[in-house]
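> Once you've had a glance at the structure underneath, I'll fire off some questions.
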Amino acid sequence: MKLSKAQYDEIAQFLGHVQPTRQSLRKLKERFPSQSQSTLLSIFSQEYQKQIKRTHAKHHTAEAIETYYQRYLSGVMKNAAAPVLLELANEVDFAPSLMARIVLERFLQEQEGTIPSKTLINSMLRDPSQIPDGVLANQIYQCTVNDCCYGPLVDCIKHAIGHEHEVLLREMLLEKNLSFLAEEQLRAKGYDKTPDFILEVPVAVEGHIIHWIESKASFGDECSHQAYLHDQFWSYWNRYCYVTGDYHIVQIELFQLPHTLPQGFSSNFPGISHSD
């Protein structure tokens with residue numbers, strides 16, 4: 001499925017005026033009823049992540065961290081059951097899970113006198129019952145379950161969706177009787193960086209000869225596509241030749257891609273025909 005640039009711009013403009021909450025997702029669906037929920041959620045997530053990246057630094061200054069921590073302490077002292085961290089995150093327009101990480105790290109640093117390891121912090125965010133303070137553990141939990149775009153719960157959902165779409169793509173290849181090697185088979189052969197599938201017999205897609213497929217269960221906007229080109233697609237191209245990058249949710253029509261994009265690159269995976 002493809003989304004026109006004008007449609008995407010309209011959705012992105014709407015998202016620029018709402019907070020990243022489940023209530024905003026409902027408003028988004030009401031405003032754009034013709035778009036699927038998965039498409040809107042994916043755009044919502046990616047646009048919000050862009051915003052967080054732009055403002056990330058200001059939330060991690062020593063002054064900001066101390067302000068957030070003291071406001072947390074003051075808030076739970078007044079009412080430990082209130083969603084203090086969640087409300088603070090929404091007030092300063094920061095992801096709840098990232099706010100939870102800041103306060104947890106500051107708490108552990110005060111308790112232990114040293115900077116806690118990322119492994120310890122990640123473990124406690126995944127399982128707040130490990131946090132030695134019950135009030136903070138509850139605050140962390142509230143942030144995690146109410147964050148639509150960040151945190152361990154969202155990571156698990158994304159991983160599950162990615163795996164589901166890889167399975168669907170494998171079934172599609174088998175249905176078309178195409179011979180292929182999957183990523184786990186390639187790693188067993190010693191390849192360190194591999195696409196999801198390499199076709200042992202190339203196929204033609206929209207007039208291009210395709211040798212391998214990388215599945216992306218996400219919205220294919222220009223920004224994310226450029227990042228995938230830099231981080232994955234170019235290296236795959238150099239090793240394995242022609243390619244298709246498969247965005248299962250939706251992509252924007254008419255990407256403004258580099259003029260050096262390899263001949264034969266296709267950014268979607270429609271009907272397959274065998275090459276001669």
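Residues are referred to by chain and number: the chain letter is A, B, ... according to the order shown in the structure tokens, the number counts from 1 in that chain, and ligands are numbered separately from 1 in the order shown.
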Quick one: residues within 10 Å of A:Arg31, only C-alpha atoms, excluding same-chain residues fewer than 5 positions away - as a ChimeraX atom specification?
/A:11,14,25-26
> May I have the selected residues written with C-alpha atoms, as a short mmCIF file (atom, residue, chain, number, x, y, z; two decimals), in the first residue's frame?

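Below is the file that was written, part.cif:
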data_model
loop_
_atom_site.label_atom_id
_atom_site.label_comp_id
_atom_site.auth_asym_id
_atom_site.auth_seq_id
_atom_site.Cartn_x
_atom_site.Cartn_y
_atom_site.Cartn_z
CA ILE A 11 -1.30 13.52 8.87
CA PHE A 14 -2.14 17.12 12.45
CA LEU A 25 -4.54 8.25 18.58
CA ARG A 26 -8.32 8.10 18.76
#
> Quick check for you: according to DSSP on this backbone, which residues of stretch 35-234 of chain A are classed as helix (DSSP H, G or I)? Reply as a ChimeraX atom specification.
/A:37-55,57-60,62-78,84-91,96-112,118-126,128-130,134-145,152-175,183-188,222-234
> Go through A:Met99, A:Leu120, A:Ile43, A:Ala81 and flag the residue nearest A:His59, using only C-alpha atoms for the distances.
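Of all the options, A:Met99 lies closest to A:His59.
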> Would you mind telling me which residue in A:Thr119, A:Pro83, A:Leu178, A:Leu15 lies nearest to A:Lys29 when using only C-alpha atoms?
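The answer is A:Leu15, which sits nearest to A:Lys29.
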> So what do you get for atom CA of A:Ala80 versus atom CA of A:Gly134, distance-wise?
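Between atom CA of A:Ala80 and atom CA of A:Gly134 the gap is 9.9 Å.
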> Taking into account only C-alpha atoms, which residue in the set A:Glu91, A:Val203, A:Val145, A:Ile52 is nearest to A:Ile157?
A:Val145
> My list of candidates is A:Tyr72, A:Val154, A:Glu200, A:Ser117. Which is closest to A:Leu41 when distances are computed with only C-alpha atoms?
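Smallest separation from A:Leu41 among the options: A:Val154.
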> For A:Met124, which of A:Thr67, A:Ser34, A:Thr144, A:Gln111 is the closest residue, counting only C-alpha atoms?
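Of the candidates, the smallest distance to A:Met124 is held by A:Thr144.
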> Work out how far apart atom CA of A:Gln19 and atom CA of A:Asn146 are and give it in Å to one decimal.
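Computing it gives 12.6 Å between the two atoms.
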> For atom CA of A:Ile121 and atom CA of A:Lys78, quote the distance in Å rounded to one decimal.
26.2 Å
> With only C-alpha atoms as the basis for distance, which of A:Leu153, A:Ile115, A:Ile213, A:Ala160 is at the shortest distance from A:Thr194?
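Closest candidate: A:Ile213.
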